[in-house]
Each structure stands twice: as C-alpha cells, then as structure tokens.
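J.: Contents of start_34.cif (mmCIF, C-alpha atoms and all ligand atoms) are given next:
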data_target
loop_
_atom_site.label_atom_id
_atom_site.label_comp_id
_atom_site.auth_asym_id
_atom_site.auth_seq_id
_atom_site.Cartn_x
_atom_site.Cartn_y
_atom_site.Cartn_z
CA MET P 18 -101.68 -72.81 -13.47
CA GLU P 19 -101.01 -74.17 -10.01
CA ILE P 20 -97.54 -73.31 -8.67
CA LYS P 21 -95.93 -74.99 -5.68
CA ILE P 22 -92.76 -73.29 -4.57
CA ASN P 23 -89.82 -75.46 -3.52
CA ASP P 24 -89.23 -74.80 0.16
CA LYS P 25 -85.91 -76.67 0.09
CA PRO P 26 -84.13 -75.02 -2.85
CA LYS P 27 -80.73 -76.51 -3.63
CA TYR P 28 -79.55 -73.49 -5.60
CA SER P 29 -77.08 -72.27 -2.95
CA ASN P 30 -75.30 -75.67 -2.82
CA VAL P 31 -74.47 -75.71 -6.53
CA ASP P 32 -70.92 -75.07 -7.72
CA PHE P 33 -71.67 -73.09 -10.88
CA ASP P 34 -68.00 -73.00 -11.85
CA ASN P 35 -67.78 -76.78 -12.11
CA LEU P 36 -70.90 -77.94 -13.86
CA SER P 37 -70.88 -81.04 -15.96
CA PHE P 38 -73.58 -80.79 -18.58
CA GLY P 39 -77.06 -82.05 -17.80
CA GLU P 40 -76.53 -83.52 -14.35
CA ILE P 41 -77.92 -80.82 -12.08
CA PHE P 42 -81.47 -79.53 -12.37
CA THR P 43 -83.13 -76.40 -11.08
CA ASP P 44 -85.54 -76.19 -8.15
CA HIS P 45 -88.77 -76.48 -10.15
CA MET P 46 -90.31 -78.45 -13.02
CA LEU P 47 -93.39 -78.02 -15.17
CA VAL P 48 -95.76 -80.97 -15.48
CA CYS P 49 -98.94 -81.52 -17.49
CA ASP P 50 -100.98 -84.71 -17.97
CA PHE P 51 -102.83 -85.98 -21.00
CA ILE P 52 -105.79 -88.01 -19.72
CA ASN P 53 -109.30 -88.62 -21.07
CA GLY P 54 -108.37 -87.05 -24.39
CA ASN P 55 -107.08 -83.69 -23.08
CA TRP P 56 -103.97 -81.99 -21.81
CA ASP P 57 -104.87 -81.01 -18.27
CA ASN P 58 -103.54 -79.92 -14.90
CA LEU P 59 -100.64 -77.72 -16.03
CA ARG P 60 -98.58 -77.11 -12.91
CA ILE P 61 -95.18 -76.12 -11.60
CA ILE P 62 -93.89 -78.17 -8.70
CA PRO P 63 -90.60 -78.62 -6.86
CA TYR P 64 -88.17 -80.72 -8.95
CA GLN P 65 -88.74 -84.31 -7.89
CA ASN P 66 -88.77 -87.96 -8.89
CA ILE P 67 -91.76 -89.31 -10.73
CA SER P 68 -93.21 -92.71 -10.06
CA ILE P 69 -94.16 -94.87 -13.05
CA ASP P 70 -95.56 -98.35 -13.53
CA PRO P 71 -93.07 -100.90 -14.97
CA SER P 72 -95.41 -101.36 -17.94
CA THR P 73 -95.31 -97.64 -18.83
CA SER P 74 -95.61 -97.56 -22.60
CA ALA P 75 -92.68 -95.23 -23.36
CA LEU P 76 -90.25 -97.62 -21.65
CA HIS P 77 -91.24 -100.39 -24.07
CA TYR P 78 -92.00 -98.65 -27.36
CA GLY P 79 -90.11 -95.38 -27.16
CA GLN P 80 -93.12 -93.17 -27.81
CA ALA P 81 -91.30 -90.13 -26.49
CA ILE P 82 -89.97 -86.88 -27.90
CA PHE P 83 -88.08 -83.87 -26.56
CA GLU P 84 -86.77 -80.40 -27.31
CA GLY P 85 -83.56 -78.62 -26.37
CA MET P 86 -83.34 -74.87 -25.96
CA LYS P 87 -81.58 -72.29 -23.82
CA ALA P 88 -82.16 -69.17 -21.73
CA TYR P 89 -79.48 -66.49 -21.51
CA LYS P 90 -78.98 -63.66 -19.02
CA ASP P 91 -77.84 -60.21 -20.12
CA ASP P 92 -75.67 -57.79 -18.13
CA ASN P 93 -78.78 -56.22 -16.57
CA ASP P 94 -79.93 -59.59 -15.25
CA LYS P 95 -82.76 -59.90 -17.74
CA VAL P 96 -83.35 -63.42 -19.04
CA TRP P 97 -83.97 -64.16 -22.73
CA LEU P 98 -85.03 -67.15 -24.78
CA PHE P 99 -83.81 -67.61 -28.37
CA ARG P 100 -86.48 -68.37 -31.00
CA PRO P 101 -88.66 -70.38 -28.55
CA LYS P 102 -91.59 -70.42 -30.96
CA ASP P 103 -89.46 -72.49 -33.34
CA ASN P 104 -88.84 -75.00 -30.56
CA PHE P 105 -92.56 -75.08 -29.83
CA ASN P 106 -93.38 -75.70 -33.50
CA ARG P 107 -90.77 -78.43 -33.80
CA PHE P 108 -92.02 -79.99 -30.56
CA ASN P 109 -95.46 -80.43 -32.07
CA LYS P 110 -94.01 -81.63 -35.37
CA SER P 111 -92.20 -84.35 -33.41
CA CYS P 112 -95.42 -85.11 -31.50
CA GLU P 113 -97.34 -85.52 -34.74
CA ARG P 114 -94.79 -87.96 -36.19
CA MET P 115 -94.78 -90.04 -32.99
CA LYS P 116 -98.59 -90.02 -32.69
CA ILE P 117 -98.45 -87.99 -29.50
CA PRO P 118 -101.22 -85.42 -28.95
CA GLU P 119 -99.97 -81.89 -29.64
CA ILE P 120 -99.65 -79.27 -26.89
CA SER P 121 -101.22 -75.82 -27.15
CA GLU P 122 -98.94 -72.83 -27.65
CA ASP P 123 -100.43 -71.29 -24.53
CA TYR P 124 -99.48 -74.25 -22.30
CA PHE P 125 -96.02 -74.60 -23.82
CA MET P 126 -94.97 -70.95 -23.96
CA ASN P 127 -96.60 -69.67 -20.80
CA GLY P 128 -95.55 -72.74 -18.81
CA LEU P 129 -92.00 -72.37 -20.11
CA LYS P 130 -91.78 -68.64 -19.35
CA LYS P 131 -93.21 -69.06 -15.86
CA LEU P 132 -90.82 -71.91 -15.05
CA VAL P 133 -87.74 -70.04 -16.31
CA SER P 134 -88.76 -66.90 -14.46
CA LEU P 135 -89.19 -68.88 -11.19
CA ASP P 136 -85.72 -70.40 -11.60
CA SER P 137 -84.09 -67.35 -13.16
CA ASN P 138 -81.45 -67.20 -10.41
CA TRP P 139 -80.04 -70.39 -11.99
CA VAL P 140 -79.20 -68.50 -15.22
CA LYS P 141 -75.77 -66.94 -14.91
CA PRO P 142 -74.75 -63.92 -16.98
CA GLY P 143 -71.67 -64.04 -19.20
CA GLN P 144 -71.00 -65.56 -22.61
CA GLY P 145 -71.06 -69.33 -22.46
CA ASN P 146 -73.34 -69.47 -19.43
CA SER P 147 -76.94 -70.46 -20.01
CA LEU P 148 -79.85 -72.47 -18.74
CA TYR P 149 -80.47 -75.56 -20.83
CA ILE P 150 -84.19 -76.24 -21.08
CA ARG P 151 -85.53 -79.70 -21.79
CA PRO P 152 -89.23 -79.97 -22.63
CA PHE P 153 -90.29 -83.59 -23.26
CA VAL P 154 -93.32 -85.85 -23.58
CA PHE P 155 -93.57 -89.54 -22.96
CA ALA P 156 -96.31 -92.14 -23.28
CA SER P 157 -97.33 -92.75 -19.67
CA GLN P 158 -100.14 -95.26 -19.95
CA ALA P 159 -99.47 -98.43 -17.96
CA THR P 160 -99.73 -100.95 -20.79
CA VAL P 161 -97.61 -103.17 -22.99
CA GLN P 162 -100.08 -102.90 -25.86
CA ALA P 163 -98.07 -101.92 -28.95
CA SER P 164 -100.29 -99.00 -29.86
CA PRO P 165 -100.37 -95.27 -29.17
CA SER P 166 -100.69 -94.59 -25.48
CA LYS P 167 -103.91 -93.08 -24.15
CA GLU P 168 -102.00 -91.10 -21.51
CA TYR P 169 -98.93 -88.84 -21.70
CA LYS P 170 -96.85 -86.62 -19.49
CA PHE P 171 -95.43 -83.30 -20.71
CA ILE P 172 -92.59 -82.12 -18.49
CA ILE P 173 -90.07 -79.29 -18.65
CA ILE P 174 -86.86 -79.49 -16.64
CA CYS P 175 -83.93 -77.06 -16.68
CA SER P 176 -80.22 -77.51 -16.14
CA PRO P 177 -77.58 -74.78 -15.75
CA ALA P 178 -74.91 -75.05 -18.46
CA LYS P 179 -71.56 -73.70 -19.39
CA SER P 180 -70.47 -74.10 -22.99
CA TYR P 181 -69.39 -77.67 -23.54
CA TYR P 182 -67.63 -79.50 -26.40
CA ASN P 183 -64.99 -76.84 -25.96
CA GLU P 184 -62.03 -79.04 -26.78
CA SER P 185 -59.72 -77.46 -29.33
CA LYS P 186 -59.65 -80.74 -31.25
CA PHE P 187 -62.94 -81.95 -32.69
CA ASN P 188 -62.53 -84.70 -35.24
CA VAL P 189 -65.39 -86.55 -36.83
CA LEU P 190 -65.68 -89.92 -38.52
CA ILE P 191 -67.80 -90.09 -41.67
CA ALA P 192 -70.37 -92.88 -41.40
CA GLU P 193 -69.80 -95.54 -44.05
CA ASP P 194 -72.08 -98.26 -42.65
CA TYR P 195 -74.31 -96.95 -39.89
CA SER P 196 -77.20 -94.52 -40.30
CA ARG P 197 -78.99 -92.21 -37.90
CA ALA P 198 -82.22 -92.04 -39.87
CA ALA P 199 -83.82 -93.44 -43.01
CA ASN P 200 -86.23 -92.23 -45.69
CA GLY P 201 -89.77 -92.19 -44.38
CA GLY P 202 -88.48 -92.57 -40.82
CA VAL P 203 -88.37 -90.26 -37.82
CA GLY P 204 -85.02 -88.48 -38.32
CA TYR P 205 -86.64 -85.06 -38.63
CA ALA P 206 -88.37 -85.52 -35.27
CA LYS P 207 -86.65 -85.22 -31.92
CA ALA P 208 -87.75 -88.76 -31.13
CA ALA P 209 -85.94 -90.24 -28.13
CA GLY P 210 -84.90 -93.40 -30.00
CA ASN P 211 -83.00 -91.43 -32.68
CA TYR P 212 -80.51 -90.57 -29.97
CA GLY P 213 -80.39 -93.98 -28.28
CA GLY P 214 -79.73 -95.53 -31.68
CA SER P 215 -76.79 -93.23 -32.36
CA PHE P 216 -74.87 -94.12 -29.18
CA TYR P 217 -73.40 -97.39 -30.49
CA PRO P 218 -71.95 -96.08 -33.79
CA THR P 219 -70.78 -92.95 -31.96
CA SER P 220 -68.98 -95.04 -29.34
CA ILE P 221 -67.21 -96.99 -32.12
CA ALA P 222 -66.02 -93.67 -33.59
CA GLN P 223 -64.93 -92.47 -30.15
CA ASN P 224 -62.96 -95.67 -29.55
CA LYS P 225 -61.10 -94.87 -32.76
CA GLY P 226 -60.23 -91.41 -31.43
CA TYR P 227 -62.94 -89.29 -33.07
CA GLN P 228 -65.30 -87.04 -31.12
CA GLN P 229 -68.42 -87.53 -33.23
CA VAL P 230 -69.91 -89.15 -36.31
CA ILE P 231 -70.85 -87.34 -39.52
CA TRP P 232 -74.07 -88.99 -40.61
CA THR P 233 -74.54 -89.70 -44.29
CA ASP P 234 -77.68 -90.69 -46.20
CA SER P 235 -78.86 -94.19 -45.38
CA SER P 236 -79.21 -95.40 -48.98
CA GLU P 237 -75.73 -94.76 -50.38
CA HIS P 238 -73.66 -93.08 -47.60
CA LYS P 239 -72.83 -90.57 -50.29
CA TYR P 240 -74.43 -87.34 -49.03
CA ILE P 241 -73.48 -85.59 -45.81
CA GLU P 242 -76.39 -84.95 -43.46
CA GLU P 243 -75.52 -84.05 -39.87
CA ALA P 244 -72.58 -84.02 -37.43
CA GLY P 245 -73.60 -85.85 -34.27
CA THR P 246 -76.44 -83.75 -32.88
CA MET P 247 -75.57 -80.72 -34.96
CA ASN P 248 -76.30 -79.59 -38.48
CA VAL P 249 -73.12 -79.16 -40.46
CA PHE P 250 -71.67 -76.47 -42.74
CA PHE P 251 -68.73 -76.57 -45.16
CA ARG P 252 -66.77 -73.63 -46.47
CA ILE P 253 -65.13 -74.25 -49.84
CA GLU P 254 -63.05 -71.21 -50.68
CA ASN P 255 -65.57 -68.44 -49.87
CA LYS P 256 -68.75 -70.43 -50.37
CA LEU P 257 -70.68 -71.87 -47.43
CA ILE P 258 -72.63 -75.06 -48.09
CA THR P 259 -75.14 -76.97 -45.99
CA ALA P 260 -77.54 -79.79 -46.80
CA PRO P 261 -81.23 -79.05 -47.31
CA THR P 262 -83.47 -80.53 -44.63
CA ASN P 263 -85.42 -83.66 -45.47
CA ASP P 264 -87.19 -86.38 -43.48
CA ARG P 265 -83.86 -87.69 -42.15
CA ILE P 266 -82.43 -84.37 -40.97
CA LEU P 267 -83.41 -82.28 -37.97
CA ASP P 268 -84.50 -78.78 -38.97
CA GLY P 269 -82.09 -77.04 -36.61
CA ILE P 270 -82.89 -73.60 -35.27
CA THR P 271 -79.21 -72.70 -35.14
CA ARG P 272 -78.88 -73.88 -38.77
CA LYS P 273 -81.69 -71.55 -39.83
CA SER P 274 -80.07 -68.70 -37.92
CA VAL P 275 -76.66 -69.37 -39.49
CA ILE P 276 -78.15 -69.34 -42.99
CA GLN P 277 -79.92 -66.03 -42.31
CA ILE P 278 -76.87 -64.35 -40.76
CA ALA P 279 -74.59 -65.61 -43.54
CA LYS P 280 -76.90 -64.01 -46.11
CA ASP P 281 -77.06 -60.79 -44.08
CA ILE P 282 -73.30 -60.39 -43.97
CA GLY P 283 -72.84 -61.20 -47.64
CA ILE P 284 -71.51 -64.75 -47.40
CA ASP P 285 -72.28 -66.76 -50.50
CA ILE P 286 -74.39 -69.61 -49.10
CA GLU P 287 -75.68 -72.68 -50.92
CA VAL P 288 -78.28 -74.99 -49.45
CA ARG P 289 -77.85 -78.13 -51.51
CA PRO P 290 -76.91 -81.80 -51.21
CA PHE P 291 -73.20 -82.07 -50.47
CA THR P 292 -71.32 -85.30 -51.09
CA VAL P 293 -68.53 -86.97 -49.17
CA ASP P 294 -66.56 -87.05 -52.45
CA GLU P 295 -66.77 -83.26 -52.78
CA LEU P 296 -65.52 -82.92 -49.21
CA VAL P 297 -62.57 -85.24 -49.80
CA ILE P 298 -61.60 -83.48 -53.04
CA ALA P 299 -61.82 -80.07 -51.35
CA ALA P 300 -59.67 -81.33 -48.45
CA LYS P 301 -57.09 -82.72 -50.87
CA ASN P 302 -56.88 -79.64 -53.08
CA LYS P 303 -56.92 -77.30 -50.05
CA THR P 304 -60.06 -75.45 -51.08
CA LEU P 305 -61.76 -76.72 -47.90
CA LYS P 306 -61.39 -73.80 -45.52
CA GLU P 307 -63.81 -74.60 -42.70
CA VAL P 308 -66.22 -77.23 -41.45
CA PHE P 309 -68.45 -76.48 -38.49
CA GLY P 310 -71.39 -77.92 -36.61
CA ALA P 311 -74.38 -75.79 -35.59
CA GLY P 312 -76.70 -76.54 -32.70
CA THR P 313 -78.15 -75.13 -29.50
CA ALA P 314 -75.56 -76.80 -27.27
CA VAL P 315 -72.57 -75.01 -28.77
CA VAL P 316 -74.05 -72.53 -31.26
CA ILE P 317 -71.14 -73.21 -33.63
CA LEU P 318 -68.37 -75.74 -33.23
CA PRO P 319 -65.38 -75.76 -35.60
CA ILE P 320 -64.47 -79.26 -36.78
CA THR P 321 -60.73 -79.76 -36.99
CA GLY P 322 -60.52 -82.94 -39.02
CA PHE P 323 -62.39 -85.90 -40.41
CA GLY P 324 -61.78 -89.56 -41.07
CA TYR P 325 -63.02 -91.42 -44.14
CA LYS P 326 -62.06 -94.81 -45.58
CA ASN P 327 -59.18 -95.22 -43.11
CA HIS P 328 -57.75 -91.85 -44.04
CA ASP P 329 -57.53 -88.77 -41.80
CA TYR P 330 -57.89 -85.28 -43.19
CA ASN P 331 -56.86 -82.22 -41.25
CA ILE P 332 -58.66 -78.88 -41.48
CA GLU P 333 -56.27 -76.05 -40.72
CA SER P 334 -57.69 -73.08 -38.85
CA VAL P 335 -58.22 -69.98 -40.99
CA LYS P 336 -58.01 -66.27 -40.33
CA ASP P 337 -61.35 -64.42 -40.59
CA SER P 338 -63.26 -67.60 -39.96
CA TYR P 339 -66.92 -67.63 -40.93
CA ALA P 340 -67.63 -69.82 -37.91
CA GLU P 341 -66.26 -67.23 -35.49
CA LYS P 342 -67.93 -64.32 -37.23
CA ILE P 343 -71.37 -65.94 -37.35
CA LYS P 344 -71.10 -67.33 -33.82
CA SER P 345 -70.32 -63.92 -32.42
CA ILE P 346 -73.32 -62.35 -34.22
CA ILE P 347 -75.68 -65.05 -32.91
CA THR P 348 -74.39 -64.98 -29.35
CA ASN P 349 -74.60 -61.19 -29.28
CA ILE P 350 -78.28 -61.50 -30.14
CA GLN P 351 -78.78 -64.24 -27.53
CA TYR P 352 -77.15 -62.21 -24.73
CA ASN P 353 -78.88 -58.97 -25.72
CA ASN P 354 -75.64 -57.30 -26.77
CA SER P 355 -76.86 -56.29 -30.20
CA GLU P 356 -79.91 -55.37 -32.17
CA ASP P 357 -82.30 -58.24 -32.88
CA LEU P 358 -83.51 -57.62 -36.43
CA TYR P 359 -85.73 -60.66 -36.65
CA GLY P 360 -87.33 -60.72 -33.20
CA TRP P 361 -85.50 -63.93 -32.29
CA ARG P 362 -84.97 -62.85 -28.67
CA VAL P 363 -87.94 -63.32 -26.35
CA GLY P 364 -87.74 -61.76 -22.89
CA ILE P 365 -88.89 -63.58 -19.78
C1 LIG P 401 -79.89 -84.47 -34.66
C2 LIG P 401 -79.77 -83.01 -34.40
N1 LIG P 401 -79.38 -82.20 -35.41
C3 LIG P 401 -79.28 -80.87 -35.25
C4 LIG P 401 -79.56 -80.28 -34.04
C5 LIG P 401 -79.44 -78.79 -33.90
O1 LIG P 401 -80.70 -78.21 -33.74
P1 LIG P 401 -80.88 -76.83 -32.96
O2 LIG P 401 -80.04 -75.85 -33.66
O3 LIG P 401 -82.33 -76.54 -33.08
O4 LIG P 401 -80.42 -77.08 -31.57
C6 LIG P 401 -79.96 -81.09 -32.97
C7 LIG P 401 -80.32 -80.56 -31.67
O5 LIG P 401 -80.02 -79.94 -30.91
C8 LIG P 401 -80.07 -82.48 -33.15
O6 LIG P 401 -80.46 -83.27 -32.15
#
Take the structure in this file and express it as structure tokens.

T.:
Amino acid sequence: MEIKINDKPKYSNVDFDNLSFGEIFTDHMLVCDFINGNWDNLRIIPYQNISIDPSTSALHYGQAIFEGMKAYKDDNDKVWLFRPKDNFNRFNKSCERMKIPEISEDYFMNGLKKLVSLDSNWVKPGQGNSLYIRPFVFASQATVQASPSKEYKFIIICSPAKSYYNESKFNVLIAEDYSRAANGGVGYAKAAGNYGGSFYPTSIAQNKGYQQVIWTDSSEHKYIEEAGTMNVFFRIENKLITAPTNDRILDGITRKSVIQIAKDIGIDIEVRPFTVDELVIAAKNKTLKEVFGAGTAVVILPITGFGYKNHDYNIESVKDSYAEKIKSIITNIQYNNSEDLYGWRVGI
C-alpha cells in the first residue's frame, strides 16, 4: 500500500472541546479504485478534495453505500476498534445488494487499521470521545447510463467525535404514513438513498417538536422497526423486546451487542415483532419502563417520550435502568476498561 504523509497536518488547529459531529476530518484518507474489473491501487493520501465528472453515476442513480464505526482510546493511549469485522461483513452485504463489487477483507481491514494508526493522535481518550470512521463506496464511472457502474471508488475518512444526541429530552414520532424501507427493498443495506429519503419525514417530525421518527413496517404501519438511525428496544416490566431483523431493518452491531449483554446479565430478552398497539397499551397501563435506541453514534440513547395519533406519551425515567447498565458494560469493553469475553475489541 502506498502511503503519502500529509506535510500540512491540521491537527493542531482543531478545537477538540467544541466539535460538531462530522464536520472536521483527520489528516489522511484511504482510497482504492475499481477499474478494469478489479479493486486496485489501495493507498493512503493526505485528506483532500476529489474531482469527479458531472455525469458520475452515483450522483444520478445513488449507487453508493457506506459504513459507520468508531475507534476508542484507552487510558494507556492504545486505540481500539469495536467489532470491525461485523462492519466489514455488512459493508459487503450492502455492496452486494447495490450491485457494487465487494472489497477483500485484507484491503478493508488492513487499510482501515493503517489509516487509524496514522491518525491515532486524533482519537482522544475518555468516555464519549472517539474517532468516527466512515468507509464508503460510490459508482464513479462518468456515465448517465442507468446500469451498474464499471468503476467505483472505495474511500475511508475519519472524523473526531464527542458523544452527540446528548439532550436529556429525546422524543420520537411514530410513523403513520411514511416508510424508511419496504419489503424486497434496500432497508437492510447501508445504501446512501435510505438516509436521503428519511430526511423529509424526519424534518416534519422535527417541526412538530420531536427529535426523530420511529419507523414502522411499510405495509400496515403496525410493527415497530427502527428509531431514526438506531435499532430500538422496549422494556415492559422486566422484559426487553426488540424486533427481529428483516430486509427492511439494518442489522445493527450495537443491537447484536445489546442482545448478547442482556442475556449475559440475566435480562429476559425477546426478539420478536412488536406492535405500536402493544407500546401504547404498555404506556397507558404503566408497564412500559424504558425505550431506548441502539447504534454506533450513541451506543444507547434513552427515549423519553413518543407521539402517536396526535397523542403524546411520556416515559418516566426508572431506577436501575437497563439502558444505563448495558451501555456501561459496552462502553467499558470499547474503552478497554473491562474484560472482552467475545473478542469484540480489536487493537490498532
Ligand atoms: C438505519 C440504521 N439502523 C440502525 C443502525 C445502528 O447500527 P450500528 O449499531 O451497527 O451502528 C444504523 C447505523 O448506524 C442505521 O443507519
């Protein structure tokens, strides 16, 4: 792999105490080109603009996918990734669905590790601090033919992050009309357009005073699927419930980790379809104890209320919250503060 070191690093000009998410990027980026039927020319170069033709296929047809993952620094300044192999596998699953040629594990993992180690000074220690890593691929052939591109670019960029979505109030609006994904569609892939398509319904919810949308199934709007860009869990009395994954739901790595940890600590967990009606009944009869989102960005985010059919339901905070307990176990693994039973932590 060719590596060109940035001789004008901007690291020392960054105010790490006042980062807004995803606006500042580290000094290097990984790039690889798919041309003539092969991924080739894996390289790390100084972070820079890329020049593309106005006809570039991805701009017209959205043949583009991405991943989101994080690196964490422990108190001895060692940097760790969390379950990166799962991100790699999901990356290729998304590629397959979007007819993008898959990347080899060697290119993905070794490129990723090299890039993060080069920019490891951008990862700050301390809970809540991390380096957000964004691997992505887009169709780069200069053509407006509506067919799979013959050329692609695989790029990894990194952005220093503090924990965000840390408002104490996080209310969600249950989708009654709009859908994020449909049967047979691309919801399970991290396809760029899934996110673009969610901005409009999310902005309607935000204009009504909610922070995010709870997506329901596209056929009947009866089953609860995801909360914004998080998987979602419900605690009814002492039972934790989350929807099974299907072709509309992203198979979240945090979700899988939550399910495993919940089992480990003896929480009764059910992975089964969960309806909006069950949620409303549980809220009304006070058996609903917790609702939380799970995703890389926040690990776990308690949801404080939801709106449905012009009615708002409040979720009181509980003592001995499952959300807090599970979040602390996962973050302790991520920051190398506890034993890692499952080999989820991968050192750089
Ligand atoms: C739609 C959606 N659901 C769930 C998640 C959570 O997945 P993970 O835990 O792998 O970050 C994400 C991504 O971050 C997402 O985009």

J.: Calculate, to one decimal in Å, the centre and edge lengths of the box along x, y and z of the file that holds all listed atoms of range 196-205 of chain P with 8 Å of margin on each side, and present them as lines of an AutoDock Vina configuration file.

T.:
center_x = -83.5
center_y = -89.8
center_z = -41.8
size_x = 28.6
size_y = 25.5
size_z = 23.9

J.: So which residues touch range 297-305 of chain P within 12 Å, counting all atoms listed in the file, skipping near sequence neighbours fewer than 3 positions away, as a ChimeraX atom specification?

T.: /P:191,239,241,250-258,291-294,308-309,320-326,328-335

J.: To check your reading of the model: which residues sit at most 8 Å from ligand LIG 401 (chain P) when counting only C-alpha atoms and all ligand atoms? Write the answer as an mmCIF file with C-alpha atoms, in the coordinates of the input.

T.:
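Done, and the output landed in selection27.cif:
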data_model
loop_
_atom_site.group_PDB
_atom_site.id
_atom_site.type_symbol
_atom_site.label_atom_id
_atom_site.label_comp_id
_atom_site.auth_asym_id
_atom_site.auth_seq_id
_atom_site.Cartn_x
_atom_site.Cartn_y
_atom_site.Cartn_z
ATOM 1 C CA GLU P 84 -86.770 -80.400 -27.310
ATOM 2 C CA GLY P 85 -83.560 -78.620 -26.370
ATOM 3 C CA MET P 86 -83.340 -74.870 -25.960
ATOM 4 C CA ASN P 104 -88.840 -75.000 -30.560
ATOM 5 C CA GLY P 204 -85.020 -88.480 -38.320
ATOM 6 C CA TYR P 205 -86.640 -85.060 -38.630
ATOM 7 C CA LYS P 207 -86.650 -85.220 -31.920
ATOM 8 C CA ASN P 211 -83.000 -91.430 -32.680
ATOM 9 C CA TYR P 212 -80.510 -90.570 -29.970
ATOM 10 C CA GLU P 243 -75.520 -84.050 -39.870
ATOM 11 C CA ALA P 244 -72.580 -84.020 -37.430
ATOM 12 C CA GLY P 245 -73.600 -85.850 -34.270
ATOM 13 C CA THR P 246 -76.440 -83.750 -32.880
ATOM 14 C CA MET P 247 -75.570 -80.720 -34.960
ATOM 15 C CA ASN P 248 -76.300 -79.590 -38.480
ATOM 16 C CA ILE P 266 -82.430 -84.370 -40.970
ATOM 17 C CA LEU P 267 -83.410 -82.280 -37.970
ATOM 18 C CA ASP P 268 -84.500 -78.780 -38.970
ATOM 19 C CA GLY P 269 -82.090 -77.040 -36.610
ATOM 20 C CA ILE P 270 -82.890 -73.600 -35.270
ATOM 21 C CA THR P 271 -79.210 -72.700 -35.140
ATOM 22 C CA ARG P 272 -78.880 -73.880 -38.770
ATOM 23 C CA LYS P 273 -81.690 -71.550 -39.830
ATOM 24 C CA ALA P 311 -74.380 -75.790 -35.590
ATOM 25 C CA GLY P 312 -76.700 -76.540 -32.700
ATOM 26 C CA THR P 313 -78.150 -75.130 -29.500
ATOM 27 C CA ALA P 314 -75.560 -76.800 -27.270
ATOM 28 C CA VAL P 316 -74.050 -72.530 -31.260
#

J.: Show which residues sit within 9 Å of Thr348 in chain P, as a short mmCIF file (atom, residue, chain, number, x, y, z; two decimals) with C-alpha atoms, keeping the file's coordinate frame. Count all atoms listed in the file, and ignore same-chain residues fewer than 6 positions away.

T.:
data_model
loop_
_atom_site.label_atom_id
_atom_site.label_comp_id
_atom_site.auth_asym_id
_atom_site.auth_seq_id
_atom_site.Cartn_x
_atom_site.Cartn_y
_atom_site.Cartn_z
CA GLN P 144 -71.00 -65.56 -22.61
CA GLY P 145 -71.06 -69.33 -22.46
CA VAL P 316 -74.05 -72.53 -31.26
CA ASN P 354 -75.64 -57.30 -26.77
#

J.: How many Å lie between CA of Ile286 in chain P and CA of Tyr339 in chain P, rounded to one decimal?

T.: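 Going from CA of Ile286 in chain P over to CA of Tyr339 in chain P covers 11.2 Å.
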
J.: Which residues of range 141-198 of chain P have any atom within 12 Å of an atom in range 108-119 of chain P when counting all atoms listed in the file, and what is the closest pair of atoms for each, with the distance in Å to one decimal? Order the rows by chain and rising number and write it as CSV.

T.:
residue,atom,partner,partner_atom,distance
P:Arg151,CA,P:Phe108,CA,10.9
P:Pro152,CA,P:Phe108,CA,8.4
P:Phe153,CA,P:Phe108,CA,8.3
P:Val154,CA,P:Ile117,CA,8.1
P:Phe155,CA,P:Ile117,CA,8.3
P:Ala156,CA,P:Ile117,CA,7.8
P:Ser157,CA,P:Ile117,CA,11.0
P:Ser164,CA,P:Lys116,CA,9.6
P:Pro165,CA,P:Lys116,CA,6.6
P:Ser166,CA,P:Ile117,CA,8.0
P:Lys167,CA,P:Ile117,CA,9.2
P:Glu168,CA,P:Ile117,CA,9.3
P:Tyr169,CA,P:Ile117,CA,7.9
P:Lys170,CA,P:Ile117,CA,10.2
P:Phe171,CA,P:Glu119,CA,10.1

J.: I'd like the interatomic distance between CA of Gly201 in chain P and CA of Asp234 in chain P, to a tenth of an Å.

T.: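 Distance between the two atoms: 12.3 Å.
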
J.: With distances taken over all atoms listed in the file, which of P:Ala178, P:Ile276, P:Leu129, P:Ala88 is nearest to Phe33 in chain P?

T.: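 Using all atoms listed in the file, Phe33 in chain P sits closest to P:Ala178.
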
J.: So how far away is CA of Ile173 in chain P from CA of Val140 in chain P, in Å?

T.: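 Going from CA of Val140 in chain P over to CA of Ile173 in chain P covers 15.7 Å.
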
J.: Looking at all atoms listed in the file, which of P:Gln80, P:Ser72, P:Thr262, P:Ser137 is the one that sits closest to Val96 in chain P?

T.: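 Looking only at the distances to Val96 in chain P, the closest residue turns out to be P:Ser137.
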
J.: Near range 24-31 of chain P, counting all atoms listed in the file, which residues have an atom at most 9 Å away, once you skip same-chain residues fewer than 4 positions from it, shown as JSON, numbers by chain?

T.: {"P": [35, 36, 41, 43, 44, 45, 63, 138, 139]}

J.: Next, write the just-selected residues to a file, as a short mmCIF file (atom, residue, chain, number, x, y, z; two decimals), in the frame of the given file, keeping C-alpha atoms as the atom set.

T.:
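Output contents, as saved in again18.cif:
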data_model
loop_
_atom_site.label_atom_id
_atom_site.label_comp_id
_atom_site.auth_asym_id
_atom_site.auth_seq_id
_atom_site.Cartn_x
_atom_site.Cartn_y
_atom_site.Cartn_z
CA ASN P 35 -67.78 -76.78 -12.11
CA LEU P 36 -70.90 -77.94 -13.86
CA ILE P 41 -77.92 -80.82 -12.08
CA THR P 43 -83.13 -76.40 -11.08
CA ASP P 44 -85.54 -76.19 -8.15
CA HIS P 45 -88.77 -76.48 -10.15
CA PRO P 63 -90.60 -78.62 -6.86
CA ASN P 138 -81.45 -67.20 -10.41
CA TRP P 139 -80.04 -70.39 -11.99
#

J.: Which one is closest to Pro142 in chain P: P:Lys179, P:Phe83, P:Arg100, P:Val203? Count only C-alpha atoms.

T.: P:Lys179

J.: Choose the residue, out of P:Asp70, P:Asp34, P:Asp136, P:Asp92, that has the smallest atom-to-atom separation from Gln351 in chain P; count all atoms listed in the file.

T.: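 Of P:Asp70, P:Asp34, P:Asp136, P:Asp92, the one nearest Gln351 in chain P is P:Asp92, counting all atoms listed in the file.
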